[in-house]
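Colleague: Enclosed is the structure file data_37.cif (mmCIF, C-alpha atoms and all ligand atoms).
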data_protein
loop_
_atom_site.group_PDB
_atom_site.id
_atom_site.type_symbol
_atom_site.label_atom_id
_atom_site.label_comp_id
_atom_site.auth_asym_id
_atom_site.auth_seq_id
_atom_site.Cartn_x
_atom_site.Cartn_y
_atom_site.Cartn_z
ATOM 1 C CA MET A 1 62.090 101.765 55.496
ATOM 2 C CA SER A 2 63.415 98.264 55.922
ATOM 3 C CA SER A 3 61.130 95.830 57.742
ATOM 4 C CA GLN A 4 64.158 94.568 59.697
ATOM 5 C CA CYS A 5 64.420 97.771 61.695
ATOM 6 C CA ILE A 6 62.867 96.532 64.925
ATOM 7 C CA SER A 7 64.148 96.602 68.446
ATOM 8 C CA CYS A 8 63.694 94.537 71.597
ATOM 9 C CA GLY A 9 60.499 95.427 73.477
ATOM 10 C CA SER A 10 62.306 95.148 76.792
ATOM 11 C CA CYS A 11 65.786 96.672 76.366
ATOM 12 C CA GLY A 12 65.561 98.503 73.026
ATOM 13 C CA MET A 13 68.486 96.692 71.402
ATOM 14 C CA PRO A 14 68.116 96.580 67.605
ATOM 15 C CA LEU A 15 67.108 93.153 66.308
ATOM 16 C CA ILE A 16 68.902 92.508 63.047
ATOM 17 C CA LYS A 17 70.085 88.910 62.683
ATOM 18 C CA ALA A 18 67.894 85.890 63.578
ATOM 19 C CA SER A 19 70.293 85.122 66.445
ATOM 20 C CA ASP A 20 69.482 88.532 68.004
ATOM 21 C CA PHE A 21 65.883 87.390 68.654
ATOM 22 C CA SER A 22 64.772 85.251 71.584
ATOM 23 C CA GLY A 23 64.764 81.604 70.524
ATOM 24 C CA GLY A 24 66.300 82.712 67.198
ATOM 25 C CA ASP A 25 62.752 83.384 65.969
ATOM 26 C CA VAL A 26 62.344 86.587 63.927
ATOM 27 C CA THR A 27 58.628 86.823 64.785
ATOM 28 C CA HIS A 28 59.515 87.329 68.471
ATOM 29 C CA LYS A 29 59.388 90.702 70.212
ATOM 30 C CA LEU A 30 62.302 90.237 72.618
ATOM 31 C CA CYS A 31 66.057 89.885 72.198
ATOM 32 C CA ALA A 32 67.925 86.711 73.112
ATOM 33 C CA TRP A 33 69.105 88.256 76.399
ATOM 34 C CA CYS A 34 65.645 89.408 77.570
ATOM 35 C CA GLY A 35 63.448 86.563 76.329
ATOM 36 C CA ASP A 36 63.377 82.754 76.584
ATOM 37 C CA SER A 37 62.672 80.403 73.675
ATOM 38 C CA GLU A 38 58.917 81.119 74.080
ATOM 39 C CA ASP A 39 59.513 84.897 73.990
ATOM 40 C CA HIS A 40 58.641 85.286 77.676
ATOM 41 C CA LEU A 41 60.682 87.708 79.770
ATOM 42 C CA LYS A 42 63.525 86.004 81.630
ATOM 43 C CA VAL A 43 65.030 89.197 83.091
ATOM 44 C CA THR A 44 63.749 91.603 85.737
ATOM 45 C CA MET A 45 63.218 95.267 85.080
ATOM 46 C CA GLU A 46 66.001 96.033 87.518
ATOM 47 C CA GLU A 47 68.443 93.927 85.497
ATOM 48 C CA VAL A 48 67.479 95.642 82.269
ATOM 49 C CA VAL A 49 67.813 99.121 83.791
ATOM 50 C CA GLU A 50 71.210 98.216 85.260
ATOM 51 C CA ASP A 51 72.479 96.798 81.963
ATOM 52 C CA CYS A 52 71.209 99.787 80.065
ATOM 53 C CA ALA A 53 72.837 102.224 82.522
ATOM 54 C CA GLN A 54 76.168 100.371 82.182
ATOM 55 C CA GLY A 55 75.925 100.829 78.423
ATOM 56 C CA PHE A 56 75.350 104.590 78.812
ATOM 57 C CA ILE A 57 78.393 104.828 81.096
ATOM 58 C CA GLU A 58 80.684 102.834 78.804
ATOM 59 C CA LYS A 59 79.584 104.242 75.484
ATOM 60 C CA GLN A 60 78.725 107.831 76.301
ATOM 61 C CA GLY A 61 80.631 108.434 79.542
ATOM 62 C CA LEU A 62 77.647 109.371 81.701
ATOM 63 C CA ASP A 63 77.887 109.857 85.431
ATOM 64 C CA GLY A 64 76.564 106.761 87.231
ATOM 65 C CA GLU A 65 73.522 108.355 88.844
ATOM 66 C CA ALA A 66 72.554 110.249 85.672
ATOM 67 C CA ALA A 67 72.944 107.047 83.650
ATOM 68 C CA ARG A 68 70.647 105.145 85.982
ATOM 69 C CA LYS A 69 67.991 107.859 85.866
ATOM 70 C CA MET A 70 68.162 107.990 82.088
ATOM 71 C CA ALA A 71 68.019 104.193 81.850
ATOM 72 C CA LEU A 72 64.949 103.999 84.121
ATOM 73 C CA LYS A 73 63.079 106.571 82.029
ATOM 74 C CA TYR A 74 64.099 104.884 78.793
ATOM 75 C CA VAL A 75 63.351 101.304 79.827
ATOM 76 C CA THR A 76 59.918 102.218 81.211
ATOM 77 C CA SER A 77 59.058 103.813 77.863
ATOM 78 C CA LEU A 78 59.508 100.417 76.133
ATOM 79 C CA PRO A 79 56.489 98.100 75.652
ATOM 80 C CA ALA A 80 57.552 95.397 78.139
ATOM 81 C CA TRP A 81 57.881 97.820 81.077
ATOM 82 C CA LYS A 82 55.674 100.725 80.108
ATOM 83 C CA GLY A 83 54.178 102.526 83.099
ATOM 84 C CA ASN A 84 56.345 100.693 85.674
ATOM 85 C CA GLU A 85 58.457 103.724 86.432
ATOM 86 C CA ASN A 86 57.760 103.688 90.176
ATOM 87 C CA GLU A 87 58.378 99.995 90.671
ATOM 88 C CA LEU A 88 62.081 100.083 91.447
ATOM 89 C CA MET B 1 38.400 103.241 60.398
ATOM 90 C CA ASN B 2 35.293 105.396 60.050
ATOM 91 C CA LYS B 3 35.290 108.568 58.051
ATOM 92 C CA ARG B 4 35.506 110.993 60.958
ATOM 93 C CA LYS B 5 38.393 109.100 62.487
ATOM 94 C CA GLN B 6 40.134 108.972 59.130
ATOM 95 C CA GLN B 7 39.753 112.717 58.734
ATOM 96 C CA LYS B 8 41.164 113.279 62.200
ATOM 97 C CA GLU B 9 44.166 111.098 61.365
ATOM 98 C CA GLN B 10 44.719 113.066 58.175
ATOM 99 C CA THR B 11 44.691 116.406 59.984
ATOM 100 C CA ARG B 12 47.080 115.043 62.581
ATOM 101 C CA LYS B 13 49.459 113.887 59.896
ATOM 102 C CA LYS B 14 49.187 117.206 58.098
ATOM 103 C CA ILE B 15 50.072 119.120 61.258
ATOM 104 C CA PHE B 16 52.980 116.773 61.885
ATOM 105 C CA ASP B 17 54.445 116.854 58.365
ATOM 106 C CA ASN B 18 54.144 120.619 58.170
ATOM 107 C CA ALA B 19 55.711 120.981 61.588
ATOM 108 C CA LEU B 20 58.773 118.945 60.542
ATOM 109 C CA HIS B 21 59.192 121.234 57.581
ATOM 110 C CA THR B 22 58.839 124.382 59.681
ATOM 111 C CA TYR B 23 61.198 123.088 62.391
ATOM 112 C CA ALA B 24 63.876 122.438 59.780
ATOM 113 C CA GLN B 25 63.606 126.082 58.661
ATOM 114 C CA LYS B 26 63.112 127.938 61.964
ATOM 115 C CA GLY B 27 64.104 125.558 64.735
ATOM 116 C CA PHE B 28 61.925 123.963 67.417
ATOM 117 C CA LEU B 29 61.976 126.798 69.927
ATOM 118 C CA ASN B 30 61.380 129.635 67.474
ATOM 119 C CA THR B 31 58.378 127.989 65.869
ATOM 120 C CA SER B 32 55.145 129.384 67.289
ATOM 121 C CA ILE B 33 51.699 127.812 67.342
ATOM 122 C CA ASP B 34 50.817 130.470 64.760
ATOM 123 C CA ASP B 35 53.512 129.196 62.399
ATOM 124 C CA LEU B 36 52.226 125.660 62.855
ATOM 125 C CA THR B 37 48.555 126.413 62.285
ATOM 126 C CA LYS B 38 49.318 128.639 59.305
ATOM 127 C CA SER B 39 51.513 126.079 57.576
ATOM 128 C CA ALA B 40 48.905 123.357 58.124
ATOM 129 C CA GLY B 41 45.998 125.660 57.252
ATOM 130 C CA ILE B 42 44.020 124.896 60.416
ATOM 131 C CA SER B 43 42.618 126.835 63.384
ATOM 132 C CA HIS B 44 44.209 127.100 66.818
ATOM 133 C CA GLY B 45 41.313 125.117 68.285
ATOM 134 C CA ASN B 46 41.878 122.305 65.837
ATOM 135 C CA PHE B 47 45.592 122.271 66.619
ATOM 136 C CA PHE B 48 44.986 121.788 70.341
ATOM 137 C CA ILE B 49 42.654 118.859 69.688
ATOM 138 C CA HIS B 50 45.654 117.015 68.279
ATOM 139 C CA TYR B 51 48.490 118.296 70.425
ATOM 140 C CA ALA B 52 47.616 119.594 73.875
ATOM 141 C CA LYS B 53 50.787 121.688 74.075
ATOM 142 C CA ARG B 54 53.424 123.061 71.766
ATOM 143 C CA GLU B 55 55.956 120.882 73.640
ATOM 144 C CA ALA B 56 53.978 117.712 72.878
ATOM 145 C CA LEU B 57 54.498 118.230 69.161
ATOM 146 C CA ILE B 58 58.202 119.046 69.615
ATOM 147 C CA ILE B 59 58.699 115.831 71.600
ATOM 148 C CA LYS B 60 56.816 113.720 69.085
ATOM 149 C CA ALA B 61 58.765 115.296 66.217
ATOM 150 C CA ILE B 62 62.156 114.700 67.814
ATOM 151 C CA GLU B 63 61.291 111.107 68.715
ATOM 152 C CA GLU B 64 60.352 110.490 65.086
ATOM 153 C CA ILE B 65 63.463 112.226 63.732
ATOM 154 C CA GLY B 66 65.703 110.219 66.074
ATOM 155 C CA LYS B 67 64.007 106.983 65.082
ATOM 156 C CA SER B 68 64.155 107.651 61.384
ATOM 157 C CA ILE B 69 67.822 108.724 61.447
ATOM 158 C CA TYR B 70 68.738 105.572 63.348
ATOM 159 C CA GLU B 71 66.669 103.318 61.114
ATOM 160 C CA ARG B 72 68.368 104.809 58.088
ATOM 161 C CA PHE B 73 71.723 104.264 59.790
ATOM 162 C CA LEU B 74 70.830 100.593 60.393
ATOM 163 C CA GLU B 75 69.929 100.186 56.737
ATOM 164 C CA LEU B 76 73.402 101.310 55.679
ATOM 165 C CA ALA B 77 75.623 99.995 58.478
ATOM 166 C CA SER B 78 76.829 96.453 59.084
ATOM 167 C CA GLU B 79 78.810 94.857 61.883
ATOM 168 C CA GLU B 80 81.842 94.015 59.765
ATOM 169 C CA MET B 81 82.330 97.598 58.619
ATOM 170 C CA SER B 82 85.630 99.376 59.078
ATOM 171 C CA LEU B 83 85.693 102.518 61.205
ATOM 172 C CA GLU B 84 86.014 104.606 58.062
ATOM 173 C CA ASN B 85 82.795 103.131 56.661
ATOM 174 C CA ILE B 86 80.854 103.485 59.920
ATOM 175 C CA LEU B 87 81.859 107.144 60.183
ATOM 176 C CA SER B 88 81.013 107.678 56.564
ATOM 177 C CA VAL B 89 77.528 106.161 57.059
ATOM 178 C CA HIS B 90 77.020 108.344 60.126
ATOM 179 C CA LEU B 91 77.909 111.503 58.207
ATOM 180 C CA GLU B 92 75.701 110.433 55.340
ATOM 181 C CA VAL B 93 72.577 110.029 57.463
ATOM 182 C CA ILE B 94 73.229 113.313 59.279
ATOM 183 C CA GLN B 95 73.755 115.067 55.972
ATOM 184 C CA GLU B 96 70.442 113.711 54.692
ATOM 185 C CA ASN B 97 68.799 115.405 57.700
ATOM 186 C CA GLU B 98 71.226 118.280 58.110
ATOM 187 C CA ALA B 99 68.694 121.118 58.262
ATOM 188 C CA ILE B 100 66.747 119.661 61.179
ATOM 189 C CA TYR B 101 69.741 117.988 62.844
ATOM 190 C CA TYR B 102 71.301 121.457 63.101
ATOM 191 C CA TYR B 103 68.512 122.389 65.506
ATOM 192 C CA LEU B 104 68.851 119.163 67.511
ATOM 193 C CA VAL B 105 72.432 120.233 68.110
ATOM 194 C CA THR B 106 71.977 123.956 68.697
ATOM 195 C CA GLU B 107 68.763 123.760 70.736
ATOM 196 C CA GLY B 108 69.302 120.336 72.352
ATOM 197 C CA PRO B 109 70.049 121.460 75.914
ATOM 198 C CA PHE B 110 66.980 123.748 75.970
ATOM 199 C CA LEU B 111 64.475 121.175 74.738
ATOM 200 C CA PRO B 112 61.984 119.298 76.954
ATOM 201 C CA GLU B 113 63.459 116.357 78.867
ATOM 202 C CA GLU B 114 61.721 113.698 76.742
ATOM 203 C CA ALA B 115 63.117 115.266 73.575
ATOM 204 C CA ARG B 116 66.633 115.389 75.002
ATOM 205 C CA ARG B 117 66.290 111.746 75.936
ATOM 206 C CA ALA B 118 65.278 110.834 72.394
ATOM 207 C CA ILE B 119 68.418 112.564 71.076
ATOM 208 C CA PHE B 120 70.539 110.759 73.655
ATOM 209 C CA ILE B 121 69.063 107.406 72.646
ATOM 210 C CA LEU B 122 69.870 108.126 69.002
ATOM 211 C CA GLN B 123 73.517 108.830 69.921
ATOM 212 C CA ASN B 124 73.574 105.697 72.035
ATOM 213 C CA GLY B 125 72.555 103.626 69.032
ATOM 214 C CA ILE B 126 75.297 105.158 66.890
ATOM 215 C CA SER B 127 77.920 104.672 69.630
ATOM 216 C CA HIS B 128 77.164 100.956 69.743
ATOM 217 C CA TRP B 129 78.383 100.596 66.146
ATOM 218 C CA MET B 130 81.389 102.828 66.526
ATOM 219 C CA LYS B 131 82.547 100.877 69.568
ATOM 220 C CA LYS B 132 83.047 97.742 67.500
ATOM 221 C CA ALA B 133 85.398 99.498 65.119
ATOM 222 C CA ILE B 134 87.582 101.545 67.458
ATOM 223 C CA ASP B 135 90.783 100.282 69.018
ATOM 224 C CA THR B 136 90.873 101.542 72.583
ATOM 225 C CA GLU B 137 93.797 99.224 73.471
ATOM 226 C CA LYS B 138 96.070 101.165 71.207
ATOM 227 C CA THR B 139 95.289 104.507 72.793
ATOM 228 C CA LYS B 140 94.612 103.416 76.387
ATOM 229 C CA LEU B 141 91.548 105.624 76.628
ATOM 230 C CA GLU B 142 88.008 104.559 77.350
ATOM 231 C CA PHE B 143 85.757 104.377 74.332
ATOM 232 C CA HIS B 144 83.324 107.104 75.332
ATOM 233 C CA TYR B 145 86.038 109.759 74.925
ATOM 234 C CA PHE B 146 86.349 108.872 71.260
ATOM 235 C CA PHE B 147 82.651 108.908 70.718
ATOM 236 C CA ASN B 148 82.171 112.242 72.467
ATOM 237 C CA MET B 149 85.167 113.674 70.617
ATOM 238 C CA TRP B 150 83.678 112.598 67.307
ATOM 239 C CA LEU B 151 80.265 114.075 68.141
ATOM 240 C CA GLY B 152 81.796 117.178 69.733
ATOM 241 C CA ASN B 153 83.779 117.929 66.616
ATOM 242 C CA LEU B 154 80.905 117.254 64.242
ATOM 243 C CA HIS B 155 78.476 119.305 66.322
ATOM 244 C CA TYR B 156 80.910 122.222 66.621
ATOM 245 C CA TYR B 157 81.179 122.503 62.853
ATOM 246 C CA LEU B 158 77.409 122.235 62.519
ATOM 247 C CA GLN B 159 76.730 124.848 65.199
ATOM 248 C CA ASN B 160 79.006 127.293 63.429
ATOM 249 C CA ARG B 161 78.068 126.336 59.909
ATOM 250 C CA ASP B 162 77.716 129.990 58.901
ATOM 251 C CA MET B 163 81.418 130.493 59.627
ATOM 252 C CA PHE B 164 82.785 127.211 58.292
ATOM 253 C CA SER B 165 80.627 126.697 55.269
ATOM 254 C CA PRO B 166 78.198 129.526 54.547
ATOM 255 C CA ASP B 167 77.199 128.360 51.092
ATOM 256 C CA LYS B 168 76.987 124.569 51.257
ATOM 257 C CA SER B 169 76.554 121.600 53.581
ATOM 258 C CA VAL B 170 79.259 121.751 56.233
ATOM 259 C CA ILE B 171 79.350 117.939 56.287
ATOM 260 C CA GLU B 172 79.880 117.771 52.563
ATOM 261 C CA LYS B 173 82.772 120.192 52.850
ATOM 262 C CA TYR B 174 84.590 118.509 55.757
ATOM 263 C CA ARG B 175 83.574 114.860 55.631
ATOM 264 C CA ASP B 176 86.885 113.537 54.278
ATOM 265 C CA ASP B 177 88.955 115.411 56.855
ATOM 266 C CA PHE B 178 86.724 114.333 59.747
ATOM 267 C CA ILE B 179 87.105 110.709 58.692
ATOM 268 C CA LYS B 180 90.857 111.010 58.071
ATOM 269 C CA MET B 181 91.303 112.374 61.583
ATOM 270 C CA PHE B 182 89.408 109.485 63.190
ATOM 271 C CA LYS B 183 90.894 106.739 61.060
ATOM 272 C CA LEU B 184 93.891 107.022 63.383
ATOM 273 C CA PHE B 185 91.878 105.090 65.964
ATOM 274 C CA GLU B 186 90.811 102.240 63.744
ATOM 275 C CA ARG B 187 91.298 98.661 64.881
ATOM 276 C CA SER B 188 94.360 97.377 63.067
ATOM 277 C CA GLU B 189 92.844 94.011 62.088
ATOM 278 C CA LYS B 190 90.207 95.900 60.137
ATOM 279 C CA HIS B 191 92.770 97.599 57.902
ATOM 280 C CA GLU B 192 92.901 96.123 54.468
HETATM 281 ZN ZN ZN C 201 66.320 92.931 75.104
#
Just give me the structure as structure tokens.
Ligand SMILES: [Zn+2]

Modeller:
Amino acid sequence: MSSQCISCGSCGMPLIKASDFSGGDVTHKLCAWCGDSEDHLKVTMEEVVEDCAQGFIEKQGLDGEAARKMALKYVTSLPAWKGNENEL
Amino acid sequence: MNKRKQQKEQTRKKIFDNALHTYAQKGFLNTSIDDLTKSAGISHGNFFIHYAKREALIIKAIEEIGKSIYERFLELASEEMSLENILSVHLEVIQENEAIYYYLVTEGPFLPEEARRAIFILQNGISHWMKKAIDTEKTKLEFHYFFNMWLGNLHYYLQNRDMFSPDKSVIEKYRDDFIKMFKLFERSEKHE
């Protein structure tokens, strides 16, 4: 398997090109939307869940409430937010 | 890693690899603990040391299958691809995993929630790539209808593979027609 197949630790977006990574640095764990140039989180969990739910609605046509539930479960399974399921 | 730990890892891997093989033959829901322990050559007690429940192994297996299908997809796909090529890559990766993907499709709604979510996340990844190549302006319909129509069609043929293609891969048999049908929705600037 290709070593490039990694995804953002906060939102799950696949990281393919250098510009996908925070700070354009391919050793970083976050995408450019979730992380600052130092690879620290610059988004809240609520923002990530909301963005993720919007994606599920647009791309797969989910009902709003179902999309939000799915997004919360998914996002809190990712390393940056693991175990924070009850925090929203 | 010490020897005992190494041995434990090996047994775990053996259970897992054998389970994938058995799932591809019998499905997730029809595979019993007996099938799993027999194919791995271990005792029931040993099985439960590694996976507390039958569901835990199903979930782990489906998460891995979803991940590996998507990683393979990412290896073959690129952002500049035409719709035809994206669809072709999608069919190729499904065909490579057709035996087990058949059970994701036929048993999907009856699987544990975490497993269903893993399947959903796989489809979400694929949809991201298809979205770039489809022209929704032309048809005045939101993108998700196209994606669900594509999956719905593909899954219908897979679910009824015994009727559509009893003696070979149903994807192999219909791939060109599936793609031809969806090429109608391709973004015009991507035509060459
Ligand atoms: Zn991200």

Colleague: For a test of reading the model, state the distance in Å between atom CA of B:Ser32 and atom CA of B:Ile59, rounded to one decimal.

Modeller: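 Atom-to-atom, atom CA of B:Ser32 and atom CA of B:Ile59 are spaced 14.7 Å apart.
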
Colleague: Using only C-alpha atoms, can you tell me which of A:Phe56, A:Thr76, A:Leu15, A:Glu85 comes closest to chain B?

Modeller: A:Phe56

Colleague: Using the chain letters and numbers from this file, what does the PyMOL selection byres ((chain B) within 10 of (chain A)) select? Give the answer as a tab-separated table (two decimals) with C-alpha atoms, in the frame of the given file.

Modeller:
chain	number	residue	atom	x	y	z
B	67	LYS	CA	64.01	106.98	65.08
B	68	SER	CA	64.16	107.65	61.38
B	70	TYR	CA	68.74	105.57	63.35
B	71	GLU	CA	66.67	103.32	61.11
B	72	ARG	CA	68.37	104.81	58.09
B	73	PHE	CA	71.72	104.26	59.79
B	74	LEU	CA	70.83	100.59	60.39
B	75	GLU	CA	69.93	100.19	56.74
B	78	SER	CA	76.83	96.45	59.08
B	114	GLU	CA	61.72	113.70	76.74
B	117	ARG	CA	66.29	111.75	75.94
B	118	ALA	CA	65.28	110.83	72.39
B	120	PHE	CA	70.54	110.76	73.66
B	121	ILE	CA	69.06	107.41	72.65
B	123	GLN	CA	73.52	108.83	69.92
B	124	ASN	CA	73.57	105.70	72.04
B	125	GLY	CA	72.56	103.63	69.03
B	126	ILE	CA	75.30	105.16	66.89
B	127	SER	CA	77.92	104.67	69.63
B	128	HIS	CA	77.16	100.96	69.74
B	130	MET	CA	81.39	102.83	66.53
B	131	LYS	CA	82.55	100.88	69.57
B	142	GLU	CA	88.01	104.56	77.35
B	143	PHE	CA	85.76	104.38	74.33
B	144	HIS	CA	83.32	107.10	75.33
B	145	TYR	CA	86.04	109.76	74.92
B	146	PHE	CA	86.35	108.87	71.26
B	147	PHE	CA	82.65	108.91	70.72
B	148	ASN	CA	82.17	112.24	72.47

Colleague: Ranking B:Arg54, B:Arg12, B:His155, B:His44 by minimum distance to B:Asn30 and counting all atoms listed in the file, which one comes first?

Modeller: B:Arg54

Colleague: Tell me, in Å to one decimal, how far atom CA of B:Glu113 is from atom CA of B:Val93.

Modeller: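 Going from atom CA of B:Glu113 over to atom CA of B:Val93 covers 24.1 Å.
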
Colleague: Can you pull out the residues contacting A:Pro79? Cut-off 10 Å, using only C-alpha atoms, and skip same-chain residues under 4 positions away; I want them as a short mmCIF file (atom, residue, chain, number, x, y, z; two decimals) with C-alpha atoms, in the coordinates of the input.

Modeller:
data_model
loop_
_atom_site.label_atom_id
_atom_site.label_comp_id
_atom_site.auth_asym_id
_atom_site.auth_seq_id
_atom_site.Cartn_x
_atom_site.Cartn_y
_atom_site.Cartn_z
CA CYS A 8 63.69 94.54 71.60
CA GLY A 9 60.50 95.43 73.48
CA SER A 10 62.31 95.15 76.79
CA CYS A 11 65.79 96.67 76.37
CA GLY A 12 65.56 98.50 73.03
CA LYS A 29 59.39 90.70 70.21
CA VAL A 75 63.35 101.30 79.83
CA GLY A 83 54.18 102.53 83.10
#

Colleague: Which centre and edge lengths in Å to one decimal define the box along x, y and z that fits every listed atom of stretch 77-93 of chain B plus 5 Å per side, as JSON?

Modeller:
{"center_x": 79.3, "center_y": 102.8, "center_z": 58.6, "size_x": 23.4, "size_y": 27.5, "size_z": 16.5}

Colleague: Could you list, as a list in words, every residue matched by the PyMOL selection byres (((chain A and resi 38) around 12) and not hetatm) in this structure?

Modeller: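 So the PyMOL selection byres (((chain A and resi 38) around 12) and not hetatm) ends up selecting Phe21, Ser22, Gly23, Gly24, Asp25, Thr27, His28, Lys29, Leu30, Cys31, Ala32, Cys34, Gly35, Asp36, Ser37, Asp39, His40, Leu41 and Lys42 of chain A.
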
Colleague: If you count only C-alpha atoms, which residues fall within 12 Å of B:Leu111, apart from same-chain ones fewer than 4 positions away, as a VMD selection string?

Modeller: chain B and resid 27 to 30 54 to 59 61 to 62 103 to 107 115 to 119

Colleague: Need to verify the contact set: A:Glu50, 9 Å, all atoms listed in the file, exclusion of same-chain residues closer than 4 positions in sequence. Can you return it as number ranges by chain?

Modeller: A: 45-46, 54-55, 68, 71-72

Colleague: Pick from A:Ala53, A:Ala66, A:Ala80, A:Ala18: nearest to ligand ZN 201 (chain C), with only C-alpha atoms and all ligand atoms counted?

Modeller: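 Distance minimum relative to ligand ZN 201 (chain C) lands on A:Ala80.
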
Colleague: In Å to one decimal, how far is atom CA of B:Lys132 from atom CA of B:Glu80?

Modeller: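 Atom CA of B:Lys132 lies at a distance of 8.7 Å from atom CA of B:Glu80.
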
Colleague: Would you write out, as a list in words, every residue that the PyMOL selection byres (((chain B and resi 168-180) around 9) and not hetatm) captures in this file?

Modeller: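 Matching residues under the PyMOL selection byres (((chain B and resi 168-180) around 9) and not hetatm) are Leu83, Glu84, Asn85, Leu87, Ser88, Leu91, Glu92, Ile94, Gln95, Glu98, Trp150, Asn153, Leu154, Tyr157, Leu158, Arg161, Asp162, Phe164, Ser165, Pro166, Asp167, Met181, Phe182, Lys183 and Leu184 of chain B.
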
Colleague: Counting all atoms listed in the file, figure out which residue out of A:Ala67, A:Cys52, A:Asn86, A:Lys17 gets nearest to ligand ZN 201 (chain C).

Modeller: A:Cys52

Colleague: Counting only C-alpha atoms, figure out which residue out of B:Ser39, B:Glu96, B:Glu63, B:Thr22 gets nearest to B:Pro112.

Modeller: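 Ranked by minimum distance to B:Pro112, first place goes to B:Glu63.
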
Colleague: With a distance cut-off of 12 Å and only C-alpha atoms, select the neighbouring residues of B:Thr37, excluding the residue or stretch itself and same-chain residues fewer than 4 positions from it, and output the selection as a ChimeraX atom specification.

Modeller: /B:11-12,14-19,22,31-33,41-48,50-51,54

Colleague: Starting from the incomplete input, reconstruct N, CA, C and O atoms of stretch 32-45 of chain A and write that as a PDB file, keeping the file's coordinate frame.

Modeller:
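And here's out.pdb as it stands now:
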ATOM      1  N   ALA A  32      67.516  87.989  72.525  1.00  0.00           N
ATOM      2  CA  ALA A  32      67.925  86.711  73.112  1.00  0.00           C
ATOM      3  C   ALA A  32      68.319  86.858  74.582  1.00  0.00           C
ATOM      4  O   ALA A  32      68.236  85.895  75.352  1.00  0.00           O
ATOM      5  N   TRP A  33      68.736  88.039  74.992  1.00  0.00           N
ATOM      6  CA  TRP A  33      69.105  88.256  76.399  1.00  0.00           C
ATOM      7  C   TRP A  33      67.860  88.427  77.280  1.00  0.00           C
ATOM      8  O   TRP A  33      67.803  87.927  78.396  1.00  0.00           O
ATOM      9  N   CYS A  34      66.845  89.115  76.765  1.00  0.00           N
ATOM     10  CA  CYS A  34      65.645  89.408  77.570  1.00  0.00           C
ATOM     11  C   CYS A  34      64.603  88.289  77.553  1.00  0.00           C
ATOM     12  O   CYS A  34      63.833  88.150  78.503  1.00  0.00           O
ATOM     13  N   GLY A  35      64.540  87.527  76.458  1.00  0.00           N
ATOM     14  CA  GLY A  35      63.448  86.563  76.329  1.00  0.00           C
ATOM     15  C   GLY A  35      63.920  85.121  76.261  1.00  0.00           C
ATOM     16  O   GLY A  35      65.021  84.834  75.790  1.00  0.00           O
ATOM     17  N   ASP A  36      63.055  84.176  76.721  1.00  0.00           N
ATOM     18  CA  ASP A  36      63.377  82.754  76.584  1.00  0.00           C
ATOM     19  C   ASP A  36      62.884  82.257  75.220  1.00  0.00           C
ATOM     20  O   ASP A  36      62.415  83.044  74.411  1.00  0.00           O
ATOM     21  N   SER A  37      62.991  80.944  75.001  1.00  0.00           N
ATOM     22  CA  SER A  37      62.672  80.403  73.675  1.00  0.00           C
ATOM     23  C   SER A  37      61.197  80.625  73.303  1.00  0.00           C
ATOM     24  O   SER A  37      60.822  80.556  72.142  1.00  0.00           O
ATOM     25  N   GLU A  38      60.344  80.877  74.334  1.00  0.00           N
ATOM     26  CA  GLU A  38      58.917  81.119  74.080  1.00  0.00           C
ATOM     27  C   GLU A  38      58.607  82.618  73.989  1.00  0.00           C
ATOM     28  O   GLU A  38      57.444  83.013  73.965  1.00  0.00           O
ATOM     29  N   ASP A  39      59.651  83.436  74.020  1.00  0.00           N
ATOM     30  CA  ASP A  39      59.513  84.897  73.990  1.00  0.00           C
ATOM     31  C   ASP A  39      58.875  85.463  75.258  1.00  0.00           C
ATOM     32  O   ASP A  39      58.236  86.506  75.237  1.00  0.00           O
ATOM     33  N   HIS A  40      59.050  84.741  76.382  1.00  0.00           N
ATOM     34  CA  HIS A  40      58.641  85.286  77.676  1.00  0.00           C
ATOM     35  C   HIS A  40      59.842  85.935  78.337  1.00  0.00           C
ATOM     36  O   HIS A  40      60.979  85.471  78.175  1.00  0.00           O
ATOM     37  N   LEU A  41      59.592  87.001  79.101  1.00  0.00           N
ATOM     38  CA  LEU A  41      60.682  87.708  79.770  1.00  0.00           C
ATOM     39  C   LEU A  41      61.424  86.784  80.730  1.00  0.00           C
ATOM     40  O   LEU A  41      60.797  86.066  81.523  1.00  0.00           O
ATOM     41  N   LYS A  42      62.748  86.789  80.665  1.00  0.00           N
ATOM     42  CA  LYS A  42      63.525  86.004  81.630  1.00  0.00           C
ATOM     43  C   LYS A  42      64.437  86.915  82.453  1.00  0.00           C
ATOM     44  O   LYS A  42      65.322  86.444  83.171  1.00  0.00           O
ATOM     45  N   VAL A  43      64.242  88.226  82.317  1.00  0.00           N
ATOM     46  CA  VAL A  43      65.030  89.197  83.091  1.00  0.00           C
ATOM     47  C   VAL A  43      64.065  90.061  83.906  1.00  0.00           C
ATOM     48  O   VAL A  43      62.889  90.175  83.571  1.00  0.00           O
ATOM     49  N   THR A  44      64.581  90.665  84.975  1.00  0.00           N
ATOM     50  CA  THR A  44      63.749  91.603  85.737  1.00  0.00           C
ATOM     51  C   THR A  44      63.986  93.007  85.198  1.00  0.00           C
ATOM     52  O   THR A  44      64.988  93.265  84.524  1.00  0.00           O
ATOM     53  N   MET A  45      63.067  93.898  85.525  1.00  0.00           N
ATOM     54  CA  MET A  45      63.218  95.267  85.080  1.00  0.00           C
ATOM     55  C   MET A  45      64.499  95.873  85.646  1.00  0.00           C
ATOM     56  O   MET A  45      65.212  96.608  84.966  1.00  0.00           O
TER      57      MET A  45
END
